[in-house]
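Engineer: Below is coords-v1.txt; it holds compact mmCIF, N, CA, C and O atoms.
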# COMPACT_ATOMS: atom_id res chain seq x y z
N MET A 890 10.85 12.08 -9.05
CA MET A 890 9.93 11.01 -9.43
C MET A 890 9.11 10.63 -8.20
O MET A 890 9.62 10.49 -7.11
N GLY A 891 7.81 10.41 -8.40
CA GLY A 891 6.92 10.04 -7.31
C GLY A 891 7.04 8.57 -6.97
O GLY A 891 7.54 7.76 -7.74
N MET A 892 6.59 8.24 -5.79
CA MET A 892 6.63 6.84 -5.37
C MET A 892 5.41 6.10 -5.91
O MET A 892 4.36 6.68 -6.14
N LYS A 893 5.56 4.81 -6.13
CA LYS A 893 4.46 3.98 -6.62
C LYS A 893 3.72 3.39 -5.41
O LYS A 893 4.33 2.81 -4.53
N ILE A 894 2.42 3.60 -5.42
CA ILE A 894 1.58 3.06 -4.36
C ILE A 894 0.45 2.29 -5.01
O ILE A 894 -0.27 2.84 -5.85
N ASP A 895 0.30 1.03 -4.64
CA ASP A 895 -0.83 0.24 -5.13
C ASP A 895 -2.06 0.65 -4.33
O ASP A 895 -2.00 0.80 -3.11
N ILE A 896 -3.18 0.81 -5.04
CA ILE A 896 -4.44 1.16 -4.37
C ILE A 896 -5.50 0.16 -4.77
O ILE A 896 -5.73 -0.07 -5.96
N GLU A 897 -6.10 -0.47 -3.76
CA GLU A 897 -7.23 -1.37 -3.98
C GLU A 897 -8.46 -0.69 -3.40
O GLU A 897 -8.42 -0.18 -2.29
N VAL A 898 -9.53 -0.69 -4.17
CA VAL A 898 -10.80 -0.17 -3.71
C VAL A 898 -11.75 -1.35 -3.59
O VAL A 898 -12.00 -2.06 -4.56
N VAL A 899 -12.24 -1.58 -2.38
CA VAL A 899 -13.17 -2.67 -2.12
C VAL A 899 -14.52 -2.03 -1.87
O VAL A 899 -14.69 -1.28 -0.90
N THR A 900 -15.47 -2.29 -2.75
CA THR A 900 -16.77 -1.64 -2.64
C THR A 900 -17.88 -2.67 -2.68
O THR A 900 -17.70 -3.77 -3.20
N GLY A 901 -18.98 -2.32 -2.11
CA GLY A 901 -20.15 -3.20 -2.07
C GLY A 901 -21.11 -2.67 -1.04
O GLY A 901 -20.78 -1.79 -0.24
N PHE A 902 -22.30 -3.20 -1.05
CA PHE A 902 -23.32 -2.75 -0.12
C PHE A 902 -23.02 -3.25 1.28
O PHE A 902 -22.21 -4.15 1.49
N PHE A 903 -23.69 -2.67 2.26
CA PHE A 903 -23.55 -3.05 3.66
C PHE A 903 -23.80 -4.56 3.81
O PHE A 903 -24.79 -5.08 3.31
N GLY A 904 -22.87 -5.25 4.45
CA GLY A 904 -23.02 -6.68 4.67
C GLY A 904 -22.56 -7.56 3.52
O GLY A 904 -22.75 -8.77 3.54
N ALA A 905 -21.94 -6.95 2.50
CA ALA A 905 -21.52 -7.72 1.31
C ALA A 905 -20.24 -8.52 1.54
O ALA A 905 -19.92 -9.39 0.74
N GLY A 906 -19.50 -8.23 2.60
CA GLY A 906 -18.28 -8.98 2.89
C GLY A 906 -17.00 -8.21 2.59
O GLY A 906 -15.94 -8.80 2.43
N LYS A 907 -17.07 -6.89 2.54
CA LYS A 907 -15.89 -6.08 2.23
C LYS A 907 -14.79 -6.26 3.28
O LYS A 907 -13.64 -6.50 2.93
N THR A 908 -15.15 -6.17 4.55
CA THR A 908 -14.14 -6.30 5.61
C THR A 908 -13.59 -7.72 5.66
O THR A 908 -12.38 -7.91 5.84
N SER A 909 -14.43 -8.71 5.46
CA SER A 909 -13.94 -10.10 5.41
C SER A 909 -12.96 -10.29 4.26
O SER A 909 -11.92 -10.95 4.41
N PHE A 910 -13.26 -9.69 3.12
CA PHE A 910 -12.36 -9.76 1.97
C PHE A 910 -11.02 -9.09 2.29
O PHE A 910 -9.95 -9.63 1.98
N ILE A 911 -11.08 -7.92 2.92
CA ILE A 911 -9.84 -7.21 3.27
C ILE A 911 -9.01 -8.03 4.25
O ILE A 911 -7.78 -8.15 4.10
N ASN A 912 -9.65 -8.62 5.26
CA ASN A 912 -8.93 -9.49 6.20
C ASN A 912 -8.22 -10.62 5.46
O ASN A 912 -7.05 -10.90 5.70
N ALA A 913 -8.93 -11.29 4.56
CA ALA A 913 -8.35 -12.41 3.81
C ALA A 913 -7.24 -11.93 2.88
O ALA A 913 -6.19 -12.58 2.77
N LEU A 914 -7.44 -10.79 2.24
CA LEU A 914 -6.43 -10.25 1.34
C LEU A 914 -5.13 -9.97 2.08
O LEU A 914 -4.05 -10.37 1.64
N ILE A 915 -5.23 -9.33 3.23
CA ILE A 915 -4.03 -9.01 4.00
C ILE A 915 -3.37 -10.27 4.54
O ILE A 915 -2.15 -10.43 4.46
N LYS A 916 -4.15 -11.18 5.06
CA LYS A 916 -3.59 -12.40 5.68
C LYS A 916 -2.98 -13.34 4.65
O LYS A 916 -1.97 -13.98 4.92
N ASN A 917 -3.59 -13.45 3.48
CA ASN A 917 -3.21 -14.51 2.55
C ASN A 917 -2.44 -14.07 1.32
O ASN A 917 -1.73 -14.87 0.73
N LYS A 918 -2.56 -12.82 0.93
CA LYS A 918 -2.04 -12.44 -0.38
C LYS A 918 -0.96 -11.38 -0.39
O LYS A 918 -0.16 -11.34 -1.30
N LEU A 919 -0.95 -10.51 0.56
CA LEU A 919 -0.06 -9.37 0.46
C LEU A 919 1.35 -9.69 0.95
O LEU A 919 1.55 -10.55 1.80
N ILE A 920 2.29 -8.99 0.38
CA ILE A 920 3.69 -9.18 0.74
C ILE A 920 3.90 -8.74 2.19
O ILE A 920 3.48 -7.66 2.60
N ARG A 921 4.54 -9.56 2.95
CA ARG A 921 4.68 -9.36 4.40
C ARG A 921 5.40 -8.06 4.77
O ARG A 921 5.16 -7.50 5.82
N LYS A 922 6.29 -7.60 3.94
CA LYS A 922 7.08 -6.41 4.31
C LYS A 922 6.46 -5.11 3.81
O LYS A 922 7.03 -4.05 4.00
N GLU A 923 5.28 -5.20 3.22
CA GLU A 923 4.62 -3.99 2.74
C GLU A 923 4.07 -3.17 3.89
O GLU A 923 3.55 -3.71 4.86
N LYS A 924 4.15 -1.87 3.77
CA LYS A 924 3.45 -0.98 4.69
C LYS A 924 2.10 -0.69 4.05
O LYS A 924 2.02 -0.25 2.91
N ILE A 925 1.03 -0.97 4.79
CA ILE A 925 -0.32 -0.89 4.26
C ILE A 925 -1.15 0.06 5.10
O ILE A 925 -1.10 0.02 6.34
N VAL A 926 -1.94 0.90 4.42
CA VAL A 926 -2.93 1.72 5.10
C VAL A 926 -4.30 1.25 4.62
O VAL A 926 -4.54 1.15 3.41
N VAL A 927 -5.17 0.93 5.56
CA VAL A 927 -6.55 0.56 5.25
C VAL A 927 -7.42 1.73 5.68
O VAL A 927 -7.39 2.15 6.83
N ILE A 928 -8.18 2.27 4.72
CA ILE A 928 -9.11 3.36 5.02
C ILE A 928 -10.52 2.79 4.96
O ILE A 928 -10.96 2.33 3.91
N GLN A 929 -11.20 2.82 6.09
CA GLN A 929 -12.56 2.30 6.16
C GLN A 929 -13.54 3.48 6.14
O GLN A 929 -13.55 4.29 7.06
N CYS A 930 -14.32 3.53 5.06
CA CYS A 930 -15.29 4.62 4.90
C CYS A 930 -16.67 4.20 5.37
O CYS A 930 -17.68 4.81 4.97
N GLU A 931 -16.75 3.17 6.15
CA GLU A 931 -17.99 2.76 6.77
C GLU A 931 -17.67 1.83 7.93
O GLU A 931 -16.58 1.27 8.01
N LYS A 932 -18.60 1.69 8.82
CA LYS A 932 -18.44 0.77 9.95
C LYS A 932 -19.52 -0.28 9.85
O LYS A 932 -20.70 0.00 10.03
N GLY A 933 -19.11 -1.50 9.51
CA GLY A 933 -20.07 -2.58 9.34
C GLY A 933 -20.10 -3.50 10.54
O GLY A 933 -19.63 -3.17 11.63
N GLU A 934 -20.62 -4.69 10.31
CA GLU A 934 -20.76 -5.69 11.37
C GLU A 934 -19.42 -6.34 11.72
O GLU A 934 -19.19 -6.71 12.86
N LYS A 935 -18.56 -6.51 10.73
CA LYS A 935 -17.26 -7.16 10.94
C LYS A 935 -16.20 -6.12 11.23
O LYS A 935 -16.32 -4.96 10.85
N ASN A 936 -15.13 -6.56 11.88
CA ASN A 936 -13.98 -5.70 12.17
C ASN A 936 -12.74 -6.26 11.50
O ASN A 936 -12.68 -7.44 11.17
N ILE A 937 -11.74 -5.41 11.37
CA ILE A 937 -10.44 -5.88 10.91
C ILE A 937 -9.92 -6.85 11.97
O ILE A 937 -10.02 -6.61 13.17
N ASP A 938 -9.36 -7.95 11.51
CA ASP A 938 -8.87 -9.02 12.38
C ASP A 938 -7.87 -8.48 13.40
O ASP A 938 -7.03 -7.65 13.09
N GLU A 939 -7.97 -8.98 14.63
CA GLU A 939 -7.12 -8.56 15.75
C GLU A 939 -5.63 -8.72 15.43
O GLU A 939 -4.82 -7.86 15.79
N LYS A 940 -5.26 -9.79 14.76
CA LYS A 940 -3.86 -10.04 14.40
C LYS A 940 -3.35 -8.95 13.44
O LYS A 940 -2.21 -8.51 13.55
N ILE A 941 -4.21 -8.51 12.53
CA ILE A 941 -3.84 -7.45 11.59
C ILE A 941 -3.66 -6.13 12.34
O ILE A 941 -2.73 -5.38 12.08
N LEU A 942 -4.54 -5.86 13.29
CA LEU A 942 -4.45 -4.62 14.06
C LEU A 942 -3.14 -4.51 14.84
O LEU A 942 -2.64 -3.41 15.07
N LYS A 943 -2.58 -5.65 15.23
CA LYS A 943 -1.33 -5.66 16.00
C LYS A 943 -0.09 -5.54 15.13
O LYS A 943 1.00 -5.35 15.64
N ASN A 944 -0.24 -5.65 13.81
CA ASN A 944 0.89 -5.57 12.89
C ASN A 944 1.31 -4.12 12.73
O ASN A 944 0.53 -3.28 12.29
N SER A 945 2.55 -3.81 13.07
CA SER A 945 3.03 -2.42 13.01
C SER A 945 3.16 -1.90 11.59
O SER A 945 3.29 -0.69 11.39
N GLN A 946 3.14 -2.77 10.60
CA GLN A 946 3.24 -2.36 9.20
C GLN A 946 1.88 -1.99 8.61
O GLN A 946 1.80 -1.58 7.46
N ILE A 947 0.82 -2.17 9.39
CA ILE A 947 -0.53 -1.91 8.89
C ILE A 947 -1.19 -0.84 9.74
O ILE A 947 -1.24 -0.93 10.97
N VAL A 948 -1.68 0.19 9.07
CA VAL A 948 -2.36 1.31 9.74
C VAL A 948 -3.82 1.28 9.31
O VAL A 948 -4.12 1.21 8.12
N ILE A 949 -4.73 1.34 10.27
CA ILE A 949 -6.16 1.36 9.99
C ILE A 949 -6.66 2.78 10.27
O ILE A 949 -6.44 3.32 11.35
N LYS A 950 -7.33 3.36 9.30
CA LYS A 950 -7.91 4.70 9.45
C LYS A 950 -9.41 4.62 9.23
O LYS A 950 -9.87 4.03 8.27
N GLN A 951 -10.15 5.22 10.14
CA GLN A 951 -11.60 5.34 9.99
C GLN A 951 -11.88 6.69 9.36
O GLN A 951 -11.36 7.71 9.82
N TYR A 952 -12.69 6.69 8.31
CA TYR A 952 -13.05 7.94 7.65
C TYR A 952 -14.55 8.14 7.80
O TYR A 952 -15.32 7.19 7.64
N GLU A 953 -14.96 9.33 8.13
CA GLU A 953 -16.38 9.64 8.35
C GLU A 953 -17.22 9.19 7.16
O GLU A 953 -17.05 9.69 6.05
N PRO A 954 -18.11 8.21 7.35
CA PRO A 954 -18.87 7.63 6.24
C PRO A 954 -19.79 8.61 5.52
O PRO A 954 -20.11 8.41 4.37
N THR A 955 -20.18 9.69 6.19
CA THR A 955 -21.09 10.64 5.54
C THR A 955 -20.35 11.64 4.66
O THR A 955 -20.97 12.37 3.89
N LYS A 956 -19.03 11.67 4.76
CA LYS A 956 -18.23 12.61 3.95
C LYS A 956 -17.61 11.88 2.77
O LYS A 956 -17.31 10.69 2.83
N SER A 957 -17.36 12.64 1.71
CA SER A 957 -16.67 12.09 0.54
C SER A 957 -15.17 12.10 0.81
O SER A 957 -14.64 13.06 1.37
N LEU A 958 -14.51 11.03 0.41
CA LEU A 958 -13.06 10.94 0.54
C LEU A 958 -12.43 11.98 -0.39
O LEU A 958 -12.86 12.12 -1.53
N THR A 959 -11.44 12.71 0.09
CA THR A 959 -10.87 13.80 -0.71
C THR A 959 -9.43 13.50 -1.12
O THR A 959 -8.73 12.71 -0.48
N GLU A 960 -9.01 14.19 -2.15
CA GLU A 960 -7.63 14.09 -2.62
C GLU A 960 -6.67 14.56 -1.54
O GLU A 960 -5.61 13.95 -1.31
N ASP A 961 -7.01 15.63 -0.84
CA ASP A 961 -6.14 16.15 0.23
C ASP A 961 -5.97 15.13 1.35
O ASP A 961 -4.88 14.98 1.89
N TYR A 962 -7.04 14.42 1.69
CA TYR A 962 -6.95 13.39 2.73
C TYR A 962 -5.99 12.29 2.29
O TYR A 962 -5.13 11.87 3.06
N LEU A 963 -6.12 11.82 1.05
CA LEU A 963 -5.23 10.77 0.56
C LEU A 963 -3.78 11.23 0.51
O LEU A 963 -2.87 10.49 0.89
N LYS A 964 -3.55 12.46 0.06
CA LYS A 964 -2.18 13.00 0.03
C LYS A 964 -1.59 13.06 1.43
O LYS A 964 -0.43 12.74 1.64
N ASN A 965 -2.40 13.46 2.39
CA ASN A 965 -1.96 13.53 3.79
C ASN A 965 -1.59 12.14 4.31
O ASN A 965 -0.56 11.96 4.97
N ILE A 966 -2.41 11.14 4.01
CA ILE A 966 -2.13 9.75 4.42
C ILE A 966 -0.80 9.30 3.83
O ILE A 966 0.04 8.69 4.50
N ILE A 967 -0.58 9.61 2.55
CA ILE A 967 0.66 9.22 1.88
C ILE A 967 1.85 9.93 2.50
O ILE A 967 2.89 9.30 2.76
N ASN A 968 1.73 11.21 2.76
CA ASN A 968 2.84 11.97 3.35
C ASN A 968 3.19 11.49 4.76
O ASN A 968 4.35 11.42 5.12
N ILE A 969 2.20 11.16 5.54
CA ILE A 969 2.44 10.74 6.93
C ILE A 969 2.98 9.31 7.01
O ILE A 969 3.91 9.03 7.75
N HIS A 970 2.38 8.38 6.23
CA HIS A 970 2.66 6.96 6.41
C HIS A 970 3.56 6.35 5.34
O HIS A 970 4.06 5.24 5.54
N SER A 971 3.73 6.99 4.20
CA SER A 971 4.53 6.45 3.08
C SER A 971 4.22 4.98 2.81
O SER A 971 5.12 4.13 2.82
N PRO A 972 2.95 4.65 2.55
CA PRO A 972 2.59 3.24 2.36
C PRO A 972 3.01 2.70 1.00
O PRO A 972 3.20 3.44 0.04
N ASP A 973 3.17 1.38 0.95
CA ASP A 973 3.37 0.67 -0.32
C ASP A 973 2.02 0.41 -0.97
O ASP A 973 1.92 0.26 -2.18
N ARG A 974 0.99 0.31 -0.13
CA ARG A 974 -0.35 -0.06 -0.61
C ARG A 974 -1.40 0.62 0.26
O ARG A 974 -1.23 0.75 1.47
N ILE A 975 -2.47 1.06 -0.40
CA ILE A 975 -3.63 1.60 0.31
C ILE A 975 -4.83 0.75 -0.09
O ILE A 975 -5.06 0.51 -1.27
N ILE A 976 -5.57 0.30 0.91
CA ILE A 976 -6.81 -0.44 0.67
C ILE A 976 -7.94 0.43 1.19
O ILE A 976 -7.93 0.84 2.35
N ILE A 977 -8.90 0.72 0.32
CA ILE A 977 -10.01 1.59 0.69
C ILE A 977 -11.29 0.78 0.69
O ILE A 977 -11.67 0.19 -0.32
N GLU A 978 -11.93 0.71 1.85
CA GLU A 978 -13.23 0.05 1.98
C GLU A 978 -14.29 1.13 1.75
O GLU A 978 -14.45 2.04 2.56
N TYR A 979 -14.97 1.04 0.61
CA TYR A 979 -15.86 2.11 0.16
C TYR A 979 -17.29 1.62 0.08
O TYR A 979 -17.56 0.60 -0.55
N ASN A 980 -18.19 2.33 0.68
CA ASN A 980 -19.60 1.96 0.72
C ASN A 980 -20.21 1.97 -0.67
O ASN A 980 -20.09 2.94 -1.41
N GLY A 981 -20.88 0.90 -1.03
CA GLY A 981 -21.49 0.75 -2.35
C GLY A 981 -22.69 1.63 -2.61
O GLY A 981 -23.17 1.70 -3.74
N THR A 982 -23.17 2.33 -1.59
CA THR A 982 -24.30 3.22 -1.82
C THR A 982 -23.85 4.61 -2.26
O THR A 982 -24.66 5.41 -2.67
N LYS A 983 -22.55 4.88 -2.18
CA LYS A 983 -22.02 6.17 -2.63
C LYS A 983 -21.61 6.07 -4.09
O LYS A 983 -21.28 5.00 -4.58
N ARG A 984 -21.57 7.20 -4.75
CA ARG A 984 -21.18 7.24 -6.17
C ARG A 984 -19.67 6.98 -6.30
O ARG A 984 -18.87 7.76 -5.84
N ILE A 985 -19.33 5.89 -6.94
CA ILE A 985 -17.92 5.51 -7.09
C ILE A 985 -17.20 6.38 -8.12
O ILE A 985 -16.01 6.63 -8.00
N ASP A 986 -17.92 6.89 -9.12
CA ASP A 986 -17.27 7.69 -10.15
C ASP A 986 -16.68 8.97 -9.59
O ASP A 986 -15.58 9.38 -9.98
N GLU A 987 -17.36 9.59 -8.64
CA GLU A 987 -16.82 10.80 -8.02
C GLU A 987 -15.56 10.48 -7.24
O GLU A 987 -14.58 11.22 -7.27
N PHE A 988 -15.58 9.37 -6.55
CA PHE A 988 -14.41 8.97 -5.76
C PHE A 988 -13.23 8.61 -6.67
O PHE A 988 -12.10 9.04 -6.44
N LEU A 989 -13.48 7.84 -7.71
CA LEU A 989 -12.40 7.42 -8.61
C LEU A 989 -11.73 8.60 -9.32
O LEU A 989 -10.55 8.52 -9.64
N SER A 990 -12.47 9.67 -9.51
CA SER A 990 -11.88 10.83 -10.18
C SER A 990 -10.74 11.45 -9.37
O SER A 990 -9.81 12.02 -9.94
N ILE A 991 -10.76 11.33 -8.05
CA ILE A 991 -9.68 11.89 -7.25
C ILE A 991 -8.40 11.04 -7.33
O ILE A 991 -7.32 11.53 -7.04
N LEU A 992 -8.53 9.80 -7.74
CA LEU A 992 -7.35 8.94 -7.83
C LEU A 992 -6.47 9.28 -9.04
O LEU A 992 -5.29 9.00 -9.05
N SER A 993 -7.08 9.89 -10.04
CA SER A 993 -6.28 10.26 -11.22
C SER A 993 -5.70 11.64 -11.04
O SER A 993 -4.59 11.90 -11.02
Just give me the structure of the file as structure tokens.

Structural biologist:
Amino acid sequence: MGMKIDIEVVTGFFGAGKTSFINALIKNKLIRKEKIVVIQCEKGEKNIDEKILKNSQIVIKQYEPTKSLTEDYLKNIINIHSPDRIIIEYNGTKRIDEFLSILS
């Protein structure tokens, strides 16, 4: 039986507040003992909060914004980190339907 991993996809245009939302989500809502991987598919004006970066249960991965996120990349992240939750910051200018198809 496979492991259950919650996946949140945060999408929006540049400057829409995706990183701010992720910071608030991690700080205020998520279970403290969860192992979380955040995949950032763009580099905006805001950064992941310094306190979050220091948390050993949270891994931040930068993904090349010009490339499409692949199923193999996600499988590799899961195999290496065994997260309880993956949060993907996805640029709103890319086609979300192509990306969502790899999740199924």

Engineer: What does the distance from atom N of Tyr979 of chain A to atom N of Cys930 of chain A come to in Å, to one decimal?

Structural biologist: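 Separating atom N of Tyr979 of chain A from atom N of Cys930 of chain A is a distance of 5.1 Å.
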
Engineer: As a list in words, which residues of segment 912-958 of chain A does DSSP assign to strand (DSSP E or B)?

Structural biologist: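 Written out, the strand (DSSP E or B) residues of segment 912-958 of chain A are Ile925, Val926, Val927, Ile928, Gln929, Ile947, Val948, Ile949, Lys950 and Gln951 of chain A.
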
Engineer: If you count only N, CA, C and O atoms, which residues fall within 8 Å of Phe988 of chain A, apart from same-chain ones fewer than 2 positions away, as an MDAnalysis selection string?

Structural biologist: chainID A and resid 957:960 983:986 990:993

Engineer: So how many Å separate atom CA of Met892 of chain A and atom C of Pro972 of chain A, to one decimal?

Structural biologist: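 Result for atom CA of Met892 of chain A versus atom C of Pro972 of chain A: 8.4 Å, one decimal.
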
Engineer: Determine the nearest neighbour of Ile941 of chain A from the options A:Asn917, A:Asn965, A:Asn980, A:Thr955, counting only C-alpha atoms.

Structural biologist: A:Asn917

Engineer: In Å, with one decimal, what is the gap from atom CA of Gln929 of chain A to atom CA of Glu978 of chain A?

Structural biologist: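 Straight-line distance from atom CA of Gln929 of chain A to atom CA of Glu978 of chain A works out to 4.8 Å.
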
Engineer: For the structure I just gave you, how does DSSP split chain A - specifically, which residues are alpha helix (DSSP H)? Reply as number ranges by chain.

Structural biologist: A: 907-917, 939-942, 960-970, 985-992

Engineer: Under the rule that only C-alpha atoms are counted, which of A:Phe903, A:Glu939, A:Lys924, A:Glu931 is the nearest residue to Ile969 of chain A?

Structural biologist: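 Checking each candidate against Ile969 of chain A, we get A:Lys924 as the closest.
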
Engineer: Using all atoms listed in the file, which residue out of A:Ile967, A:Leu989, A:Ile947, A:Ile976 lies closest to Arg921 of chain A?

Structural biologist: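 Ranked by minimum distance to Arg921 of chain A, first place goes to A:Ile947.
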
Engineer: Could you list, as a PyMOL selection string, every residue within 7 Å of Gln946 of chain A, counting only N, CA, C and O atoms and ignoring same-chain residues fewer than 2 positions away?

Structural biologist: chain A and resi 921-926+941+943-944+948
